[in-house]
file work15.txt (compact mmCIF, C-alpha atoms)
# COMPACT_ATOMS: atom_id res chain seq x y z
CA MET A 1 41.52 -43.98 -75.71
CA ALA A 2 38.43 -46.11 -75.80
CA GLU A 3 37.25 -47.45 -79.09
CA GLN A 4 33.88 -45.78 -78.60
CA SER A 5 35.57 -42.39 -78.24
CA GLU A 6 37.64 -43.06 -81.33
CA GLU A 7 34.47 -43.95 -83.17
CA LYS A 8 32.84 -40.74 -81.98
CA ILE A 9 35.84 -38.74 -83.09
CA LYS A 10 35.73 -40.42 -86.48
CA GLN A 11 32.04 -39.56 -86.75
CA LEU A 12 32.86 -35.97 -85.90
CA LEU A 13 35.60 -35.90 -88.53
CA SER A 14 33.18 -37.28 -91.11
CA ARG A 15 30.74 -34.52 -90.14
CA ILE A 16 33.48 -31.96 -90.74
CA VAL A 17 34.11 -33.46 -94.18
CA LYS A 18 30.38 -33.41 -94.89
CA ASP A 19 29.95 -29.79 -93.75
CA SER A 20 32.88 -28.72 -95.90
CA MET A 21 30.92 -29.86 -98.95
CA GLY A 22 33.75 -31.84 -100.49
CA ILE A 23 36.52 -29.31 -99.94
CA ILE A 24 38.39 -31.52 -97.48
CA ASN A 25 40.37 -34.46 -98.92
CA ILE A 26 42.12 -35.74 -95.83
CA ILE A 27 41.37 -35.07 -92.20
CA THR A 28 43.23 -36.42 -89.25
CA PHE A 29 43.08 -36.04 -85.51
CA ALA A 30 46.27 -37.07 -83.74
CA TRP A 31 48.47 -36.52 -80.73
CA ARG A 32 51.31 -34.06 -80.95
CA ASP A 33 53.86 -36.92 -81.19
CA GLY A 34 52.30 -38.06 -84.47
CA ILE A 35 50.17 -40.95 -83.29
CA PRO A 36 46.85 -40.78 -85.13
CA VAL A 37 43.59 -41.07 -83.21
CA ALA A 38 41.15 -40.95 -86.11
CA THR A 39 41.56 -40.22 -89.79
CA ILE A 40 39.44 -39.96 -92.90
CA ALA A 41 41.38 -40.20 -96.14
CA PRO A 42 41.26 -41.92 -99.50
CA SER A 43 43.99 -44.29 -98.29
CA GLN A 44 45.47 -45.28 -94.94
CA VAL A 45 49.00 -44.52 -96.11
CA GLU A 46 48.12 -40.99 -97.09
CA ALA A 47 46.42 -40.44 -93.73
CA GLU A 48 49.41 -41.71 -91.77
CA PHE A 49 51.86 -39.73 -93.86
CA MET A 50 49.78 -36.61 -93.38
CA THR A 51 49.63 -37.15 -89.62
CA VAL A 52 53.36 -37.67 -89.25
CA ALA A 53 54.24 -34.75 -91.55
CA SER A 54 51.86 -32.47 -89.68
CA ALA A 55 53.34 -33.47 -86.31
CA ALA A 56 56.81 -32.83 -87.67
CA ALA A 57 55.73 -29.44 -89.05
CA LEU A 58 54.25 -28.50 -85.69
CA GLY A 59 57.45 -29.56 -83.93
CA SER A 60 59.62 -27.45 -86.21
CA LEU A 61 57.29 -24.46 -86.09
CA ASP A 62 57.18 -24.52 -82.31
CA ALA A 63 60.53 -22.73 -82.54
CA LEU A 64 58.75 -19.90 -84.32
CA GLY A 65 56.34 -19.76 -81.42
CA ASP A 66 59.30 -19.33 -79.09
CA VAL A 67 60.56 -16.47 -81.23
CA MET A 68 57.15 -14.81 -81.30
CA GLY A 69 56.68 -15.36 -77.58
CA SER A 70 53.41 -17.22 -78.05
CA LYS A 71 52.24 -20.77 -78.47
CA LEU A 72 51.47 -22.12 -81.93
CA LYS A 73 47.74 -22.25 -82.60
CA ARG A 74 47.06 -22.78 -86.26
CA ILE A 75 49.04 -23.36 -89.45
CA ASP A 76 47.77 -22.69 -92.94
CA VAL A 77 50.09 -23.92 -95.67
CA GLU A 78 49.38 -23.17 -99.31
CA PHE A 79 50.90 -25.23 -102.09
CA GLU A 80 51.68 -24.33 -105.66
CA ASN A 81 48.73 -26.36 -106.95
CA GLY A 82 46.37 -24.27 -104.77
CA GLU A 83 45.81 -26.94 -102.16
CA HIS A 84 45.97 -26.02 -98.50
CA VAL A 85 46.89 -27.90 -95.35
CA ILE A 86 45.44 -26.41 -92.22
CA ILE A 87 46.66 -27.67 -88.88
CA SER A 88 44.90 -26.62 -85.70
CA VAL A 89 46.57 -27.30 -82.36
CA LEU A 90 44.33 -28.60 -79.56
CA ASN A 91 46.16 -28.97 -76.23
CA GLY A 92 48.54 -31.86 -76.86
CA SER A 93 46.75 -32.98 -79.97
CA PHE A 94 46.02 -31.51 -83.37
CA ILE A 95 43.61 -31.69 -86.22
CA ALA A 96 45.08 -31.53 -89.74
CA VAL A 97 43.03 -30.91 -92.85
CA SER A 98 44.10 -31.23 -96.48
CA THR A 99 41.94 -29.40 -99.02
CA THR A 100 41.17 -29.36 -102.72
CA PRO A 101 42.82 -26.62 -104.83
CA ASN A 102 41.58 -23.06 -104.14
CA PRO A 103 39.22 -23.97 -101.32
CA ASN A 104 36.74 -21.79 -99.46
CA LEU A 105 39.09 -21.01 -96.61
CA GLY A 106 36.43 -19.11 -94.69
CA LEU A 107 34.26 -22.17 -94.60
CA ILE A 108 37.12 -24.48 -93.57
CA HIS A 109 38.28 -22.21 -90.79
CA LEU A 110 34.72 -21.86 -89.57
CA ILE A 111 34.01 -25.59 -89.63
CA VAL A 112 37.28 -26.53 -87.97
CA ARG A 113 36.55 -24.06 -85.19
CA LYS A 114 32.98 -25.25 -84.96
CA TYR A 115 34.03 -28.82 -84.10
CA GLU A 116 37.17 -28.06 -82.09
CA LYS A 117 35.25 -27.77 -78.83
CA GLU A 118 33.35 -30.96 -79.49
CA LEU A 119 36.59 -32.78 -80.31
CA LYS A 120 38.11 -31.58 -77.06
CA ARG A 121 35.06 -32.75 -75.19
CA ILE A 122 35.04 -36.21 -76.75
CA SER A 123 38.77 -36.80 -76.55
CA GLY A 124 38.96 -35.31 -73.05
CA ILE A 125 41.96 -33.13 -73.76
CA GLY A 126 42.95 -29.79 -72.33
CA HIS A 127 41.15 -27.69 -69.77
CA VAL A 128 37.62 -28.63 -70.58
CA ASN A 129 34.76 -28.10 -68.15
CA PRO A 130 34.41 -31.36 -66.11
CA LYS A 131 30.74 -31.44 -66.98
CA GLU A 132 31.64 -31.52 -70.66
CA VAL A 133 34.14 -34.42 -70.38
CA SER A 134 32.89 -37.72 -71.68
CA LYS A 135 31.85 -40.09 -68.88
CA ASP A 136 33.02 -43.00 -70.98
CA THR A 137 36.60 -43.41 -69.78
CA GLY A 138 37.04 -46.77 -71.45
CA MET B 1 23.26 167.23 -88.56
CA LEU B 2 20.20 166.55 -86.84
CA ASN B 3 20.30 162.93 -87.84
CA ALA B 4 23.84 162.69 -86.62
CA PHE B 5 22.88 164.28 -83.49
CA SER B 6 19.88 162.11 -83.15
CA THR B 7 21.92 159.10 -83.65
CA LYS B 8 24.39 160.20 -81.12
CA THR B 9 21.67 160.81 -78.80
CA LEU B 10 20.12 157.56 -79.56
CA VAL B 11 23.36 155.76 -79.04
CA PHE B 12 23.72 157.65 -75.99
CA GLN B 13 20.18 156.96 -75.12
CA ILE B 14 20.71 153.36 -75.37
CA SER B 15 21.85 152.80 -72.05
CA GLN B 16 23.93 150.12 -70.69
CA THR B 17 20.88 148.19 -69.47
CA GLU B 18 19.38 148.25 -72.84
CA LEU B 19 22.57 146.99 -74.30
CA THR B 20 22.55 144.12 -71.98
CA SER B 21 18.95 143.43 -72.76
CA ILE B 22 19.74 143.58 -76.47
CA ILE B 23 22.66 141.26 -75.92
CA LEU B 24 20.38 138.98 -73.97
CA ILE B 25 17.73 139.09 -76.65
CA PHE B 26 20.32 138.48 -79.29
CA SER B 27 21.85 135.62 -77.35
CA SER B 28 18.43 134.17 -76.70
CA ILE B 29 17.69 134.36 -80.42
CA ILE B 30 21.00 132.59 -81.11
CA ALA B 31 20.21 129.99 -78.49
CA LEU B 32 16.82 129.51 -79.98
CA ALA B 33 18.30 129.16 -83.40
CA LEU B 34 20.86 126.72 -82.11
CA SER B 35 18.23 124.71 -80.30
CA VAL B 36 16.04 124.72 -83.40
CA GLY B 37 19.01 123.57 -85.47
CA LEU B 38 19.87 120.89 -83.00
CA PHE B 39 16.26 119.83 -82.92
CA ILE B 40 16.18 119.63 -86.71
CA ALA B 41 19.45 117.67 -86.69
CA LEU B 42 18.04 115.31 -84.13
CA ILE B 43 14.91 114.83 -86.15
CA TYR B 44 17.06 114.22 -89.26
CA LEU B 45 19.16 111.68 -87.49
CA LEU B 46 16.14 109.93 -86.10
CA ARG B 47 14.49 109.81 -89.49
CA ARG B 48 17.64 108.49 -91.09
CA GLN B 49 17.95 105.76 -88.50
CA VAL B 50 14.34 104.72 -88.95
CA PHE B 51 14.83 104.66 -92.70
CA GLN B 52 17.92 102.44 -92.33
CA GLN B 53 16.02 100.04 -90.10
CA ARG B 54 13.23 99.96 -92.59
CA THR B 55 15.59 99.16 -95.46
CA GLU B 56 17.25 96.41 -93.41
CA SER B 57 13.94 94.85 -92.52
CA ARG B 58 12.94 95.08 -96.13
CA SER B 59 16.10 93.24 -97.28
CA ALA B 60 15.51 90.52 -94.67
CA GLU B 61 11.99 90.18 -95.86
CA THR B 62 13.15 89.82 -99.43
CA ILE B 63 15.69 87.06 -98.46
CA ALA B 64 13.05 85.21 -96.48
CA SER B 65 10.61 85.50 -99.30
CA LYS B 66 13.26 84.14 -101.70
CA ILE B 67 13.91 81.15 -99.42
CA VAL B 68 10.23 80.54 -99.09
CA GLU B 69 9.83 80.74 -102.83
CA ASP B 70 12.68 78.25 -103.33
CA LYS B 71 11.14 75.87 -100.85
CA VAL B 72 7.77 76.23 -102.41
CA SER B 73 9.26 75.49 -105.82
CA GLU B 74 11.04 72.40 -104.38
CA ILE B 75 7.86 71.20 -102.75
CA SER B 76 5.98 71.72 -105.97
CA GLU B 77 8.64 69.73 -107.87
CA ASN B 78 8.51 66.93 -105.29
CA TYR B 79 4.77 66.98 -105.45
CA SER B 80 4.86 66.65 -109.23
CA LYS B 81 7.33 63.74 -108.91
CA LEU B 82 5.17 62.08 -106.30
CA SER B 83 2.13 62.50 -108.43
CA GLN B 84 4.02 60.88 -111.32
CA GLU B 85 5.10 57.95 -109.13
CA ILE B 86 1.60 57.56 -107.79
CA GLY B 87 0.43 57.43 -111.37
CA LYS B 88 2.96 54.64 -112.10
CA LEU B 89 1.94 52.78 -108.96
CA LYS B 90 -1.67 53.03 -109.99
CA GLU B 91 -0.77 51.51 -113.35
CA GLU B 92 1.15 48.65 -111.68
CA ILE B 93 -1.64 48.04 -109.23
CA SER B 94 -4.07 47.84 -112.10
CA LYS B 95 -1.74 45.31 -113.80
CA LEU B 96 -1.43 43.30 -110.59
CA SER B 97 -5.15 43.29 -110.09
CA HIS B 98 -5.50 42.03 -113.63
CA GLU B 99 -2.97 39.25 -112.99
CA TYR B 100 -4.62 38.41 -109.70
CA SER B 101 -7.93 38.06 -111.45
CA THR B 102 -6.33 35.70 -114.04
CA ILE B 103 -4.73 33.62 -111.22
CA VAL B 104 -8.04 33.42 -109.45
CA THR B 105 -9.71 32.19 -112.63
CA ARG B 106 -6.94 29.59 -113.12
CA LEU B 107 -7.28 28.43 -109.52
CA ASN B 108 -10.97 28.07 -110.02
CA ASN B 109 -10.30 25.99 -113.10
CA ILE B 110 -7.84 23.78 -111.17
CA GLU B 111 -10.26 23.37 -108.30
CA THR B 112 -12.96 22.27 -110.66
CA ARG B 113 -10.57 19.80 -112.30
CA VAL B 114 -9.48 18.44 -108.90
CA THR B 115 -13.05 17.95 -107.84
CA VAL B 116 -13.77 16.20 -111.12
CA LEU B 117 -10.71 13.95 -110.65
CA GLU B 118 -11.63 13.21 -107.04
CA ARG B 119 -15.06 12.17 -108.09
CA ARG B 120 -13.59 10.05 -110.85
CA THR B 121 -11.07 8.32 -108.54
CA LYS B 122 -13.75 7.67 -105.95
CA ARG B 123 -15.89 6.17 -108.62
CA GLU B 124 -12.97 4.06 -109.89
CA ASP B 125 -12.13 2.91 -106.36
CA LYS B 126 -15.69 1.87 -105.88
CA LEU B 127 -15.58 -0.01 -109.14
CA LYS B 128 -12.25 -1.63 -108.21
CA SER B 129 -13.53 -2.66 -104.81
CA LEU B 130 -16.49 -4.19 -106.56
CA LEU B 131 -14.34 -6.00 -109.13
CA TYR B 132 -11.28 -7.12 -107.12
CA PRO B 133 -10.81 -7.94 -103.45
CA ARG B 134 -8.71 -5.32 -101.76
CA PRO B 135 -5.12 -6.50 -101.12
CA ILE B 136 -4.13 -6.64 -97.46
CA GLU B 137 -0.79 -5.09 -96.66
CA GLU B 138 1.36 -7.62 -94.89
CA LYS B 139 4.79 -7.38 -93.38
CA VAL B 140 7.24 -9.59 -95.25
CA SER B 141 8.65 -11.99 -92.71
CA ILE B 142 11.64 -13.95 -93.87
CA LYS B 143 11.44 -17.58 -92.86
CA ASP B 144 14.41 -19.86 -92.23
CA LEU B 145 16.70 -19.84 -95.21
CA GLN B 146 17.99 -22.98 -96.89
CA SER B 147 20.68 -21.03 -98.68
CA LEU B 148 21.54 -17.38 -99.18
CA SER B 149 19.93 -17.41 -102.63
CA ASP B 150 16.54 -17.77 -100.87
CA LEU B 151 16.85 -14.11 -99.87
CA LYS B 152 16.04 -13.15 -103.47
CA LEU B 153 12.60 -14.71 -103.04
CA TYR B 154 11.77 -12.39 -100.18
CA VAL B 155 13.63 -9.27 -101.30
CA PRO B 156 14.05 -9.08 -105.08
CA GLN B 157 16.08 -5.87 -104.70
CA ILE B 158 18.93 -7.76 -103.03
CA LYS B 159 22.22 -7.53 -104.89
CA PHE B 160 24.66 -9.30 -102.61
CA ALA B 161 24.65 -11.23 -99.37
CA ALA B 162 27.61 -12.85 -97.69
CA LEU B 163 28.98 -14.32 -94.51
CA ILE B 164 32.57 -13.30 -93.94
CA THR B 165 35.08 -14.22 -91.25
CA SER B 166 37.10 -11.62 -89.39
CA GLN B 167 40.10 -12.90 -91.35
CA GLY B 168 38.43 -11.68 -94.54
CA TYR B 169 37.56 -15.11 -95.89
CA ILE B 170 34.08 -15.45 -97.37
CA VAL B 171 32.21 -18.39 -95.90
CA GLU B 172 29.19 -18.17 -98.19
CA SER B 173 27.94 -15.60 -100.62
CA TYR B 174 25.15 -14.83 -103.03
CA GLY B 175 25.15 -12.39 -105.94
CA GLN B 176 27.71 -9.84 -106.97
CA GLY B 177 28.61 -7.01 -104.66
CA SER B 178 29.72 -3.59 -105.82
CA GLU B 179 32.57 -3.61 -103.33
CA ILE B 180 35.21 -6.14 -102.27
CA PRO B 181 33.86 -7.89 -99.11
CA SER B 182 37.19 -7.81 -97.30
CA LYS B 183 37.32 -4.05 -97.89
CA LEU B 184 33.85 -3.69 -96.37
CA LEU B 185 34.99 -5.78 -93.43
CA GLU B 186 37.92 -3.45 -92.94
CA ILE B 187 35.51 -0.48 -92.91
CA ALA B 188 33.44 -2.26 -90.25
CA LYS B 189 36.56 -2.89 -88.16
CA LEU B 190 37.61 0.74 -88.51
CA SER B 191 34.18 1.99 -87.49
CA GLU B 192 34.30 -0.33 -84.49
CA LYS B 193 37.41 1.51 -83.33
CA PHE B 194 35.74 4.90 -83.54
CA THR B 195 32.06 4.24 -82.85
CA ASN B 196 32.27 1.07 -80.75
CA SER B 197 29.68 -0.46 -83.06
CA ARG B 198 30.35 -3.45 -85.24
CA ASN B 199 27.59 -2.50 -87.66
CA VAL B 200 28.15 -0.20 -90.61
CA SER B 201 25.72 1.16 -93.16
CA ILE B 202 27.20 2.44 -96.41
CA THR B 203 25.33 4.08 -99.28
CA ARG B 204 27.02 3.66 -102.60
CA GLY B 205 25.33 4.99 -105.70
CA ASN B 206 21.86 3.54 -105.79
CA ASN B 207 22.71 0.73 -103.37
CA ARG B 208 22.86 0.41 -99.63
CA ILE B 209 25.48 -1.87 -98.07
CA GLU B 210 25.08 -3.18 -94.55
CA VAL B 211 28.00 -4.82 -92.74
CA PHE B 212 26.98 -6.26 -89.39
CA TYR B 213 28.34 -8.50 -86.70
CA ILE B 214 26.73 -11.94 -86.52
CA GLY B 215 28.60 -13.81 -83.85
CA ASP B 216 31.78 -15.55 -82.77
CA MET B 217 33.06 -19.02 -83.53
CA GLU B 218 35.81 -19.63 -80.97
CA ASP B 219 38.41 -16.97 -81.80
CA LEU B 220 36.82 -16.16 -85.16
CA SER B 221 34.25 -13.37 -85.58
CA ILE B 222 31.65 -13.68 -88.30
CA TYR B 223 30.19 -10.69 -90.11
CA GLY B 224 27.30 -10.45 -92.51
CA ILE B 225 27.20 -8.28 -95.61
CA ILE B 226 24.00 -7.27 -97.37
CA GLU B 227 23.75 -5.06 -100.42
CA VAL B 228 20.29 -3.94 -101.48
CA GLU B 229 18.77 -1.19 -103.55
CA LYS B 230 18.37 2.09 -101.71
CA ARG B 231 14.58 2.00 -101.89
CA VAL B 232 14.40 -1.05 -99.59
CA ASP B 233 13.11 0.20 -96.24
CA GLY B 234 14.93 -0.14 -92.94
CA GLN B 235 12.47 -2.65 -91.53
CA MET B 236 13.10 -5.01 -94.41
CA ILE B 237 16.86 -4.63 -94.04
CA GLN B 238 16.52 -5.44 -90.35
CA SER B 239 14.57 -8.59 -91.11
CA LEU B 240 17.21 -9.53 -93.71
CA LYS B 241 19.90 -9.17 -91.09
CA GLU B 242 17.96 -11.24 -88.59
CA SER B 243 17.36 -13.97 -91.14
CA LEU B 244 21.07 -14.05 -92.01
CA ILE B 245 21.95 -14.35 -88.30
CA ARG B 246 19.43 -17.17 -87.92
CA TYR B 247 20.84 -18.86 -91.00
CA PHE B 248 24.38 -18.68 -89.66
CA ASN B 249 23.40 -19.95 -86.23
CA LYS B 250 21.45 -22.81 -87.71
CA LYS B 251 23.93 -23.88 -90.35
CA PHE B 252 27.30 -23.21 -88.81
CA LYS B 253 26.93 -22.83 -85.09
CA GLU B 254 24.68 -25.64 -84.08
CA VAL B 255 26.52 -28.97 -83.68
CA LYS B 256 24.12 -31.63 -84.77

call {"tool": "encode", "arguments": {"input": "work15.txt", "output": "structure tokens"}}
result
Amino acid sequence: MAEQSEEKIKQLLSRIVKDSMGIINIITFAWRDGIPVATIAPSQVEAEFMTVASAAALGSLDALGDVMGSKLKRIDVEFENGEHVIISVLNGSFIAVSTTPNPNLGLIHLIVRKYEKELKRISGIGHVNPKEVSKDTG
Amino acid sequence: MLNAFSTKTLVFQISQTELTSIILIFSSIIALALSVGLFIALIYLLRRQVFQQRTESRSAETIASKIVEDKVSEISENYSKLSQEIGKLKEEISKLSHEYSTIVTRLNNIETRVTVLERRTKREDKLKSLLYPRPIEEKVSIKDLQSLSDLKLYVPQIKFAALITSQGYIVESYGQGSEIPSKLLEIAKLSEKFTNSRNVSITRGNNRIEVFYIGDMEDLSIYGIIEVEKRVDGQMIQSLKESLIRYFNKKFKEVK
């Protein structure tokens, strides 16, 4: 992926963090195999760990999708300290979000959905309308 | 001797023809007597019959007269009763007329008071119009909101406003609602099943709750909830809804 696209994705992620009004701690956009495309986190290690763990979680939960007879779309994990990790699958990639304790889940779900389409458009993944695909192919 | 002789001669003299005539006369006398007797008996019978008829007619007359007397007495009784009732009615009518006259006087009093008040209000209005400029009634149009709390500036009677996702998560809220938002959302979803409308209006106590569909964000539906006092008119509620929809579209839907 071109650096410009990565930069755009990072800008989009920062907009998600901004719109969430400080609820989101870590946000990462990565491929399903765990390779990060863009991340925003207090530290690089945390971001990478989050990306890999999320990819692993998606891989293990795919089996559940097989049982349910449907593809995995979104995961919302709640921890004992009230923090949440929300992972949204986007055609071969995913966006993972780590929140503060007891977050406004409505707002997070709304914001994540709000930027999903834009992320798809910028990264050029999935069945996006050709008109919407970025002309910058790197 | 002579007499005896004479009698013998007489008897002798009475010849057979005379005897027959005597017998005839005698029999005629008997017949006459019989006919007279029969005639008398006939007359007696006739008289008796006439007398009987007379007595019968007299008894019938007496019965009829009794009946007539009874009826007359009944009629007289009824008449006396009627006259009594008429007397009562007259009394009541006099009372009613008295009451009517009092009502009429009261109405007149009220009319005079009303006219006095009308004059006074007109005079006061004139004075007011002279003292203060008349306020112009304007429709309250809600401008673009910066946050949901801005709604209070336009509609002070607002109790609660919220944006809620179809999952039941509140995106943003203002105030304190009388009902749990997710419960209201469930009511809206239920009503959608039955009425095919995503909008629900609920009156609870002195408040009116409106749950309405705002729009979709990918696979997520967004609903708005407004709770206001019952006295807020429908037009204002409609403008509140529209402002909330505009707010959502501007803040959450538009990708800057």

call {"tool": "closest_residue", "arguments": {"input": "work15.txt", "among": "A:Tyr115, A:Gly106, A:Gly92, A:Asp33", "to": "Ser182 (chain B)", "atoms": "only C-alpha atoms"}}
result
A:Gly106

call {"tool": "residues_around", "arguments": {"input": "work15.txt", "residues": "region 10-20 of chain A", "least_positions_apart": "4", "cutoff": "7 Å", "atoms": "all atoms listed in the file", "output": "mmCIF file with C-alpha atoms, keeping the file's coordinate frame"}}
result
data_model
loop_
_atom_site.group_PDB
_atom_site.id
_atom_site.type_symbol
_atom_site.label_atom_id
_atom_site.label_comp_id
_atom_site.auth_asym_id
_atom_site.auth_seq_id
_atom_site.Cartn_x
_atom_site.Cartn_y
_atom_site.Cartn_z
ATOM 1 C CA GLU A 6 37.640 -43.060 -81.330
ATOM 2 C CA ILE A 24 38.390 -31.520 -97.480
ATOM 3 C CA ILE A 27 41.370 -35.070 -92.200
ATOM 4 C CA ALA A 38 41.150 -40.950 -86.110
ATOM 5 C CA THR A 39 41.560 -40.220 -89.790
ATOM 6 C CA LEU A 107 34.260 -22.170 -94.600
ATOM 7 C CA ILE A 108 37.120 -24.480 -93.570
ATOM 8 C CA ILE A 111 34.010 -25.590 -89.630
#

call {"tool": "axis_aligned_box", "arguments": {"input": "work15.txt", "around": "region 162-171 of chain B", "padding_each_side": "8 Å", "output": "JSON"}}
result
{"center_x": 33.9, "center_y": -15.0, "center_z": -93.5, "size_x": 28.5, "size_y": 22.8, "size_z": 24.3}

call {"tool": "atom_distance", "arguments": {"input": "work15.txt", "atom1": "CA of Leu240 (chain B)", "atom2": "CA of Lys189 (chain B)"}}
result
21.2 Å

call {"tool": "closest_atom_pairs", "arguments": {"input": "work15.txt", "of": "chain B", "to": "chain A", "cutoff": "12 Å", "atoms": "all atoms listed in the file", "output": "Markdown table"}}
result
| residue | atom | partner | partner_atom | distance |
| --- | --- | --- | --- | --- |
| B:Ala162 | CA | A:Gly106 | CA | 11.2 |
| B:Leu163 | CA | A:Gly106 | CA | 8.9 |
| B:Ile164 | CA | A:Gly106 | CA | 7.0 |
| B:Thr165 | CA | A:Gly106 | CA | 6.1 |
| B:Ser166 | CA | A:Gly106 | CA | 9.2 |
| B:Gln167 | CA | A:Gly106 | CA | 7.9 |
| B:Gly168 | CA | A:Gly106 | CA | 7.7 |
| B:Tyr169 | CA | A:Gly106 | CA | 4.3 |
| B:Ile170 | CA | A:Gly106 | CA | 5.1 |
| B:Val171 | CA | A:Gly106 | CA | 4.4 |
| B:Glu172 | CA | A:Leu107 | CA | 7.4 |
| B:Ser173 | CA | A:Asn104 | CA | 10.8 |
| B:Ser182 | CA | A:Gly106 | CA | 11.6 |
| B:Gly215 | CA | A:Leu110 | CA | 11.6 |
| B:Asp216 | CA | A:Leu110 | CA | 9.7 |
| B:Met217 | CA | A:Arg113 | CA | 6.4 |
| B:Glu218 | CA | A:Arg113 | CA | 6.2 |
| B:Asp219 | CA | A:Arg113 | CA | 8.1 |
| B:Leu220 | CA | A:Leu110 | CA | 7.5 |
| B:Ser221 | CA | A:Leu110 | CA | 9.4 |
| B:Ile222 | CA | A:Leu110 | CA | 8.8 |
| B:Tyr223 | CA | A:Gly106 | CA | 11.4 |
| B:Phe248 | CA | A:Leu110 | CA | 10.8 |
| B:Asn249 | CA | A:Lys114 | CA | 11.0 |
| B:Lys251 | CA | A:Asp19 | CA | 9.1 |
| B:Phe252 | CA | A:Lys114 | CA | 7.2 |
| B:Lys253 | CA | A:Lys114 | CA | 6.5 |
| B:Glu254 | CA | A:Lys114 | CA | 8.4 |
| B:Val255 | CA | A:Tyr115 | CA | 7.5 |
| B:Lys256 | CA | A:Arg15 | CA | 9.0 |

call {"tool": "closest_atom_pairs", "arguments": {"input": "work15.txt", "of": "region 31-70 of chain B", "to": "region 21-26 of chain B", "cutoff": "12 Å", "atoms": "only C-alpha atoms", "output": "tab-separated table"}}
result
residue	atom	partner	partner_atom	distance
B:Ala31	CA	B:Phe26	CA	8.5
B:Leu32	CA	B:Phe26	CA	9.7
B:Ala33	CA	B:Phe26	CA	10.4

call {"tool": "atom_distance", "arguments": {"input": "work15.txt", "atom1": "CA of Ile75 (chain A)", "atom2": "CA of Leu58 (chain A)"}}
result
8.2 Å

call {"tool": "closest_residue", "arguments": {"input": "work15.txt", "among": "B:Arg47, B:Tyr213, B:Val232, B:Ser239", "to": "Val200 (chain B)", "atoms": "all atoms listed in the file"}}
result
B:Tyr213

call {"tool": "atom_distance", "arguments": {"input": "work15.txt", "atom1": "CA of Gly177 (chain B)", "atom2": "CA of Phe160 (chain B)"}}
result
5.0 Å

call {"tool": "residues_around", "arguments": {"input": "work15.txt", "residues": "Ala41 (chain A)", "least_positions_apart": "6", "cutoff": "9 Å", "atoms": "all atoms listed in the file", "output": "VMD selection string"}}
result
chain A and resid 25 to 28 47

call {"tool": "closest_residue", "arguments": {"input": "work15.txt", "among": "A:Leu72, A:Ile9, A:Met21, A:Leu61", "to": "Pro36 (chain A)", "atoms": "all atoms listed in the file"}}
result
A:Ile9

call {"tool": "closest_residue", "arguments": {"input": "work15.txt", "among": "A:Ser5, A:Ser54, A:Ser123, A:Ser88", "to": "Lys73 (chain A)", "atoms": "only C-alpha atoms"}}
result
A:Ser88
